[in-house]
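Asks: I have a structure I would like to understand better, so I am pasting it below and will then ask my questions one at a time.
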Amino acid sequence: MTTKYSQQNSIRVRMAPSPTGRLHIGTARTALFNYLYAKKTGGAFVLRIEDTDVARSNPEFEKDILENLKWLGIAWDEGPDVGGPYAPYRQSERTASYRQYLEKLLEEQAAYWCFCTPEALEIERQTMQAEGKAPRYAGTCRQIKPEDAEKRRDAGERGVIRFKMPQNTATRIDDLIRGPIVFGSENFDDFVIAKSLDEPLYNFAVVIDDYDMQITHVIRGEDHITNTPKQYALIDALGFPHVAYAHLPLILGPDRSKMSKRHGSVALGEYREQGYLPEALLNFLAFLGWNPGTDEEILSNDQIIERFSIESIQKSGAIFDQQKLDWMNGMYIRQQGGSKRGPLLELIKPYIERAGFADAFNKYNFNDQSSILALVIERMKKISEFVELSEFFFKTPEYDRELLRWKNMTDEEIAKSLSETQKLLGAISDGNFTTERIDAALKTYAEHLKDKGSVFWPLRVALTGRKASPPPAAIAAVFGKLETLKRIQIAIDKLAS
RNA sequence: GGCGGGUUCGUCUAGUCUGGUCCAGGACGCAUGGUUCUCAUCCAUGUAACACGGGUUCGAAUCCCGUACCCGCUACCA
């Protein structure tokens with residue numbers, strides 16, 4: 001038995017979502033890659049909630065994020081719900097630590113209070129942009145003496161804390177995925193690291209937390225590349241050890257821009273609700289920007305961990321291909337056919353209830369429910385589609401009598417086909433009313449006619465009211481003799497009217 | 001605009017480090033055919049790419065230089 005936090009080595013990675021929305025598909029994939037890396041290396045995976053933005057953060061979203069990550073199959077070793085040696089794991093509960101380092105930076109004059117108003121800064125920014133220059137803070141308050149700043153604050157003046165970004169230097173990041181990336185310091189200004197001693201901002205809080213939590217590898221989205229030199233400088237100023245970085249390519253919408261709401265569903269929960277299987281989604285997400293280098297495509301969580309390596313992650317962004325996801329989900333659904341149909345049946349139930357077919361569905365015993373699933377499973381791309389595909393099992397179908405017509409059959413021919421079918425099936429005893437017997441009877445009759453369609457087509461329509469369905473004989477077997485004959489009679493009556 | 005990143009079939013990608021086995025392989029999609037009463041599944045076949053221009057070399061998707069295009073960031077958000 002292993003202790004809860006024992007690890008084979010000291011690699012520690014983290015996922016730090018901010019609860020300002022439901023779990024985003026991109027966040028989920030970043031979490032997945034962190035998880036895979038931790039599992040592959042025997043390291044620890046930490047989940048930390050970045051809720052420093054009080055105005056936008058919401059506990060509801062935190063709940064959604066944890067729930068859906070769990071559902072996907074991603075497990076963390078430390079986090080706000082399970083705790084851990086470096087608790088708390090919610091930034092809003094870590095202000096003491098931030099305050100301590102903020103005071104340290106201020107004391108060492110590596111940071112300073114800035115009293116510029118947002119309005120003044122906005123004007124400054126616009127002026128610089130109009131001049132075609134990069135908008136950077138001019139450093140106006142850098143000159144203010146610490147004691148003067150203290151006086152102004154005592155007098156009630158509101159200020160923010162800026163970090164003295166080192167100048168005339170260059171930062172080189174050795175990205176695990178992209179190789180070396182160099183940034184000249186002239187492109188960075190004295191950025192705000194906290195709104196007050198108790199209100200740290202992202203770039204600062206991240207550095208403190210990663211240090212406090214002993215994080216060794218930061219695996220995050222490509223959109224954070226330009227934050228890296230800022231965090232790097234902060235790490236140096238604080239005397240913390242450097243961490244390794246790996247910037248993941250972005251998930252793109254069909255127009256190749258960062259995937260967002262305007263491209264469709266971005267919340268993982270929505271995919272869950274639409275009837276995607278977690279295993280399929282996880283498999284699909286892992287293959288967005290990574291692959292094992294073989295022809296394998298359908299891989300389990302464990303197989304992916306086994307084959308995973310951070311070096312084989314793609315550098316360029318990947319478009320989220322809904323069609324391929326649908327195909328993969330269909331593959332996973334079909335994998336759950338056969339003997340392990342029970343769990344799938346459970347997943348289907350909520351959709352049946354929502355459609356109002358719960359009672360009708362429960363009139364079938366487990367074997368029949370299972371048979372119904374077997375009949376439609378190969379047509380399902382999402383489990384939500386079960387209802388639409390099997391509806392006729394739960395209610396008498398409504399259809400136009402014209403639908404009964406196969407090719408150029410006359411009404412009389414259709415009626416004859418149906419009544420002959422009725423007679424044939426009526427002759428089979430209840431105990432023998434199986435797919436095989438029914439099919440054999442129908443085929444024998446069909447051989448007398450020029451094509452099978454003239455027997456099977458009207459029967460399918462009579463049974464289902466549709467032009468596409470599973471084989472009529474199999475459907476009839478599930479219905480039983482009584483219901484089958486009843487539906488055929490309805491069709492015959494329709495033709496007579 | 002500035003800075004950073006990226007570029008192989010429509011899409012996800014293999015191959016690039018260690019030039020030849022690549023007139024570029026797999027998968028999704030699409031098309032056609034087979035199975036079949038229908039749809040789906042399944043099977044088979046096909047479709048389609050090395051961004052562009054130079055250079056190095058006997059030989060370049062792979063090495064070098066330049067160009068183009070796309071994306072990200074540019075907050076007292078994360």
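Letters A, B, ... mark the chains of the structure tokens in the order given; residue numbers begin at 1 per chain; ligand numbers begin at 1, in order shown.
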Which neighbours of A:Ile181 fall inside 12 Å, counting only C-alpha atoms (C1' of nucleotides), when residues of the same chain fewer than 2 positions from it are skipped, and could you give them as a list of chain:residue names?
Replies: A:Ala170, A:Thr171, A:Arg172, A:Ile173, A:Asp174, A:Asp175, A:Leu176, A:Ile177, A:Arg178, A:Gly179, A:Phe183, A:Gly184, A:Ile225, A:Thr226, A:Thr228, A:Pro229, A:Tyr245, A:Ala246, A:His247, B:C3, B:G4, B:G5
Asks: In stretch 126-344 of chain A, what's strand (DSSP E) per DSSP? Answer as JSON, numbers by chain?
Replies: {"A": [160, 161, 162, 163, 170, 171, 172, 173, 174, 175, 179, 180, 181, 182, 183, 184, 192, 193, 194, 195, 196, 199, 200, 217, 218, 219, 220, 221, 244, 245, 246, 247, 248, 251, 252, 318, 319]}
Asks: If you measure from atom CA of A:Ala318 to atom CA of A:Trp76, what distance in Å do you get, rounded to one decimal?
Replies: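 Separation between atom CA of A:Ala318 and atom CA of A:Trp76: 25.8 Å.
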Asks: Taking 6 positions as the minimum chain separation for residues in the same chain, which residues sit within 9 Å of A:Leu252 when counting only C-alpha atoms (C1' of nucleotides)? Answer as a list in words.
Replies: Lys258, Met259, Ser260, Gly317, Ala318, Ile319 and Phe320 of chain A
Asks: Write a file of the just-selected residues containing N, CA and C atoms, as an mmCIF file, in the first residue's frame.
Replies:
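Produced file out29.cif, reproduced below:
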```
data_model
loop_
_atom_site.group_PDB
_atom_site.id
_atom_site.type_symbol
_atom_site.label_atom_id
_atom_site.label_comp_id
_atom_site.auth_asym_id
_atom_site.auth_seq_id
_atom_site.Cartn_x
_atom_site.Cartn_y
_atom_site.Cartn_z
ATOM 1 N N LYS A 258 -8.261 30.708 -31.771
ATOM 2 C CA LYS A 258 -8.426 30.016 -30.489
ATOM 3 C C LYS A 258 -9.882 29.632 -30.253
ATOM 4 N N MET A 259 -10.115 28.382 -29.918
ATOM 5 C CA MET A 259 -11.483 27.907 -29.771
ATOM 6 C C MET A 259 -12.235 28.662 -28.672
ATOM 7 N N SER A 260 -13.378 29.186 -29.047
ATOM 8 C CA SER A 260 -14.175 29.933 -28.082
ATOM 9 C C SER A 260 -15.659 29.699 -28.348
ATOM 10 N N GLY A 317 -1.119 24.569 -33.557
ATOM 11 C CA GLY A 317 -2.472 24.408 -33.047
ATOM 12 C C GLY A 317 -3.261 23.368 -33.829
ATOM 13 N N ALA A 318 -4.285 22.810 -33.195
ATOM 14 C CA ALA A 318 -5.083 21.777 -33.837
ATOM 15 C C ALA A 318 -6.556 22.161 -33.831
ATOM 16 N N ILE A 319 -7.159 22.068 -34.984
ATOM 17 C CA ILE A 319 -8.587 22.362 -35.092
ATOM 18 C C ILE A 319 -9.397 21.242 -34.450
ATOM 19 N N PHE A 320 -10.373 21.630 -33.681
ATOM 20 C CA PHE A 320 -11.262 20.679 -33.012
ATOM 21 C C PHE A 320 -12.229 20.128 -34.058
#
```
Asks: What is the distance between atom C1' of B:C73 and atom CA of A:Glu222, in Å to one decimal?
Replies: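 Distance reported for this atom pair: 9.5 Å.
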Asks: Output as a PDB file with C-alpha atoms (C1' of nucleotides), in the first residue's frame the set of chain B residues within 9 Å of chain A, with distances taken over only C-alpha atoms (C1' of nucleotides).
Replies:
```
ATOM      1  C1'   G B   1       2.264  48.489 -34.662  1.00  0.00           C
ATOM      2  C1'   G B   2       5.647  45.653 -31.255  1.00  0.00           C
ATOM      3  C1'   C B   3       7.098  40.964 -29.315  1.00  0.00           C
ATOM      4  C1'   G B   4       6.615  35.699 -29.510  1.00  0.00           C
ATOM      5  C1'   G B   5       5.029  31.220 -31.854  1.00  0.00           C
ATOM      6  C1'   G B   6       3.649  28.286 -36.099  1.00  0.00           C
ATOM      7  C1'   U B   7       3.390  26.263 -41.435  1.00  0.00           C
ATOM      8  C1'   U B  11      -9.171  18.013 -40.802  1.00  0.00           C
ATOM      9  C1'   C B  12      -5.913  15.186 -36.977  1.00  0.00           C
ATOM     10  C1'   U B  13      -1.165  13.557 -38.108  1.00  0.00           C
ATOM     11  C1'   A B  14       3.634   9.842 -39.473  1.00  0.00           C
ATOM     12  C1'   G B  26      -2.248   6.139 -41.303  1.00  0.00           C
ATOM     13  C1'   A B  27      -7.012   8.065 -39.509  1.00  0.00           C
ATOM     14  C1'   C B  28     -11.533  11.296 -39.978  1.00  0.00           C
ATOM     15  C1'   G B  29     -14.377  13.292 -43.953  1.00  0.00           C
ATOM     16  C1'   C B  37     -35.477  -4.907 -47.892  1.00  0.00           C
ATOM     17  C1'   U B  38     -33.773   0.343 -45.814  1.00  0.00           C
ATOM     18  C1'   C B  39     -30.436   3.030 -42.744  1.00  0.00           C
ATOM     19  C1'   A B  40     -26.198   2.024 -40.033  1.00  0.00           C
ATOM     20  C1'   U B  41     -22.175  -1.265 -39.130  1.00  0.00           C
ATOM     21  C1'   C B  70      -1.733  32.183 -40.101  1.00  0.00           C
ATOM     22  C1'   C B  71      -2.070  32.330 -34.772  1.00  0.00           C
ATOM     23  C1'   G B  72      -1.088  34.117 -29.738  1.00  0.00           C
ATOM     24  C1'   C B  73       0.139  38.059 -26.392  1.00  0.00           C
ATOM     25  C1'   U B  74       0.299  43.203 -25.860  1.00  0.00           C
ATOM     26  C1'   C B  76      -5.253  47.310 -11.743  1.00  0.00           C
ATOM     27  C1'   C B  77      -8.264  39.165 -16.408  1.00  0.00           C
ATOM     28  C1'   A B  78      -6.298  34.503 -16.002  1.00  0.00           C
TER      29        A B  78
END
```
Asks: Give the helix (DSSP H, G or I) residues of stretch 6-116 of chain A, as assigned by DSSP on the backbone, as a VMD selection string.
Replies: chain A and resid 25 to 41 59 to 72 91 to 93 95 to 107
Asks: Create the file for the chosen residues now, containing N, CA and C atoms and written as a compact mmCIF listing (two decimals), in the first residue's frame.
Replies:
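Result file is out-v2.txt:
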```txt
# COMPACT_ATOMS: atom_id res chain seq x y z
N ILE A 25 -12.94 23.22 -22.75
CA ILE A 25 -12.36 22.06 -23.41
C ILE A 25 -10.82 22.18 -23.48
N GLY A 26 -10.33 23.40 -23.64
CA GLY A 26 -8.89 23.64 -23.70
C GLY A 26 -8.25 23.44 -22.33
N THR A 27 -8.94 23.89 -21.31
CA THR A 27 -8.45 23.70 -19.94
C THR A 27 -8.39 22.20 -19.64
N ALA A 28 -9.40 21.50 -20.08
CA ALA A 28 -9.45 20.05 -19.85
C ALA A 28 -8.27 19.37 -20.52
N ARG A 29 -7.93 19.79 -21.72
CA ARG A 29 -6.81 19.15 -22.40
C ARG A 29 -5.49 19.49 -21.72
N THR A 30 -5.35 20.74 -21.26
CA THR A 30 -4.13 21.10 -20.54
C THR A 30 -4.02 20.26 -19.27
N ALA A 31 -5.13 20.09 -18.59
CA ALA A 31 -5.15 19.25 -17.39
C ALA A 31 -4.74 17.83 -17.75
N LEU A 32 -5.26 17.35 -18.86
CA LEU A 32 -4.96 16.00 -19.30
C LEU A 32 -3.47 15.80 -19.54
N PHE A 33 -2.83 16.74 -20.22
CA PHE A 33 -1.40 16.61 -20.49
C PHE A 33 -0.58 16.68 -19.21
N ASN A 34 -1.01 17.51 -18.27
CA ASN A 34 -0.32 17.55 -16.98
C ASN A 34 -0.46 16.21 -16.27
N TYR A 35 -1.67 15.71 -16.32
CA TYR A 35 -1.98 14.42 -15.70
C TYR A 35 -1.15 13.29 -16.33
N LEU A 36 -1.12 13.28 -17.66
CA LEU A 36 -0.36 12.25 -18.36
C LEU A 36 1.12 12.31 -18.00
N TYR A 37 1.63 13.53 -17.95
CA TYR A 37 3.05 13.69 -17.64
C TYR A 37 3.35 13.20 -16.22
N ALA A 38 2.49 13.57 -15.29
CA ALA A 38 2.68 13.15 -13.90
C ALA A 38 2.63 11.63 -13.79
N LYS A 39 1.64 11.03 -14.46
CA LYS A 39 1.48 9.57 -14.39
C LYS A 39 2.67 8.88 -15.04
N LYS A 40 3.08 9.41 -16.18
CA LYS A 40 4.18 8.81 -16.93
C LYS A 40 5.49 8.83 -16.13
N THR A 41 5.72 9.95 -15.43
CA THR A 41 6.98 10.11 -14.73
C THR A 41 6.92 9.70 -13.26
N PRO A 59 -18.01 30.07 -7.12
CA PRO A 59 -17.88 28.69 -6.60
C PRO A 59 -18.61 27.67 -7.46
N GLU A 60 -19.68 28.11 -8.12
CA GLU A 60 -20.43 27.22 -9.02
C GLU A 60 -19.52 26.67 -10.11
N PHE A 61 -18.69 27.57 -10.64
CA PHE A 61 -17.80 27.17 -11.72
C PHE A 61 -16.71 26.24 -11.21
N GLU A 62 -16.26 26.49 -9.99
CA GLU A 62 -15.24 25.61 -9.41
C GLU A 62 -15.80 24.19 -9.32
N LYS A 63 -17.05 24.12 -8.92
CA LYS A 63 -17.71 22.83 -8.78
C LYS A 63 -17.79 22.13 -10.15
N ASP A 64 -18.16 22.89 -11.15
CA ASP A 64 -18.27 22.34 -12.50
C ASP A 64 -16.92 21.83 -12.98
N ILE A 65 -15.88 22.58 -12.71
CA ILE A 65 -14.53 22.21 -13.15
C ILE A 65 -14.08 20.90 -12.49
N LEU A 66 -14.22 20.82 -11.18
CA LEU A 66 -13.81 19.60 -10.49
C LEU A 66 -14.63 18.39 -10.94
N GLU A 67 -15.92 18.58 -11.02
CA GLU A 67 -16.81 17.47 -11.40
C GLU A 67 -16.49 16.92 -12.78
N ASN A 68 -16.33 17.83 -13.73
CA ASN A 68 -16.12 17.38 -15.09
C ASN A 68 -14.72 16.82 -15.33
N LEU A 69 -13.76 17.35 -14.60
CA LEU A 69 -12.40 16.79 -14.70
C LEU A 69 -12.43 15.34 -14.19
N LYS A 70 -13.12 15.15 -13.10
CA LYS A 70 -13.25 13.82 -12.52
C LYS A 70 -13.96 12.89 -13.49
N TRP A 71 -15.04 13.40 -14.04
CA TRP A 71 -15.82 12.61 -14.99
C TRP A 71 -14.97 12.17 -16.17
N LEU A 72 -14.13 13.07 -16.63
CA LEU A 72 -13.26 12.76 -17.77
C LEU A 72 -12.28 11.64 -17.45
N GLN A 91 -6.35 30.00 -4.30
CA GLN A 91 -5.57 31.23 -4.12
C GLN A 91 -6.21 32.21 -3.16
N SER A 92 -7.52 32.25 -3.14
CA SER A 92 -8.20 33.20 -2.26
C SER A 92 -7.90 32.89 -0.79
N GLU A 93 -7.40 31.69 -0.52
CA GLU A 93 -7.09 31.32 0.86
C GLU A 93 -5.59 31.41 1.16
N THR A 95 -3.64 34.34 0.84
CA THR A 95 -3.20 35.74 0.85
C THR A 95 -2.02 36.00 1.79
N ALA A 96 -1.92 35.26 2.87
CA ALA A 96 -0.83 35.49 3.82
C ALA A 96 0.52 35.31 3.13
N SER A 97 0.61 34.26 2.34
CA SER A 97 1.86 33.99 1.65
C SER A 97 2.19 35.09 0.64
N TYR A 98 1.19 35.51 -0.11
CA TYR A 98 1.41 36.56 -1.12
C TYR A 98 1.88 37.84 -0.44
N ARG A 99 1.19 38.16 0.66
CA ARG A 99 1.49 39.40 1.37
C ARG A 99 2.95 39.41 1.85
N GLN A 100 3.38 38.29 2.35
CA GLN A 100 4.75 38.16 2.85
C GLN A 100 5.78 38.47 1.75
N TYR A 101 5.56 37.89 0.56
CA TYR A 101 6.52 38.11 -0.53
C TYR A 101 6.38 39.50 -1.15
N LEU A 102 5.17 40.03 -1.08
CA LEU A 102 4.94 41.37 -1.60
C LEU A 102 5.74 42.36 -0.74
N GLU A 103 5.66 42.16 0.56
CA GLU A 103 6.38 43.03 1.49
C GLU A 103 7.88 42.89 1.30
N LYS A 104 8.31 41.68 1.03
CA LYS A 104 9.73 41.44 0.80
C LYS A 104 10.22 42.21 -0.43
N LEU A 105 9.47 42.10 -1.52
CA LEU A 105 9.86 42.79 -2.75
C LEU A 105 9.88 44.30 -2.56
N LEU A 106 8.87 44.78 -1.82
CA LEU A 106 8.77 46.22 -1.56
C LEU A 106 9.97 46.68 -0.74
N GLU A 107 10.28 45.90 0.26
CA GLU A 107 11.38 46.21 1.16
C GLU A 107 12.71 46.25 0.41
```
Asks: With a distance cut-off of 10 Å and only C-alpha atoms (C1' of nucleotides), select the neighbouring residues of stretch 367-372 of chain A, excluding the residue or stretch itself and same-chain residues fewer than 5 positions from it, and output the selection as JSON, numbers by chain.
Replies: {"A": [337, 338, 339, 340, 341, 342, 344, 345, 361, 362, 377, 386, 389, 390, 393, 470, 474, 475, 477, 478, 479]}
Asks: Show which residues sit within 10 Å of stretch 351-354 of chain A, as a list of chain:residue names. Count only C-alpha atoms (C1' of nucleotides), and ignore same-chain residues fewer than 4 positions away.
Replies: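 The contact residues come out as A:Glu273, A:Gln274, A:Gly275, A:Glu346, A:Leu347, A:Ala358, A:Asp359, A:Ala360, A:Phe361, A:Ile383, A:Ser384, A:Glu385, A:Phe386, A:Val387, A:Glu388, A:Ser390, A:Glu391, A:Phe394.
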Asks: Pick from A:Pro278, A:Leu248, A:Leu285, A:Glu157: nearest to A:Ile313, with only C-alpha atoms counted?
Replies: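 The answer is A:Leu248, which sits nearest to A:Ile313.
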Asks: For each of A:Glu119, A:Asp400, A:Asp190, A:Glu124, take the minimum atom-to-atom distance to A:Arg142, counting only C-alpha atoms, then give the residue where this is smallest.
Replies: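 Smallest separation from A:Arg142 among the options: A:Asp190.
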Asks: Grab the atom CA of A:Ile11 to atom CA of A:Ile74 distance for me, in Å with one decimal place.
Replies: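 These atoms are spaced 17.6 Å apart.
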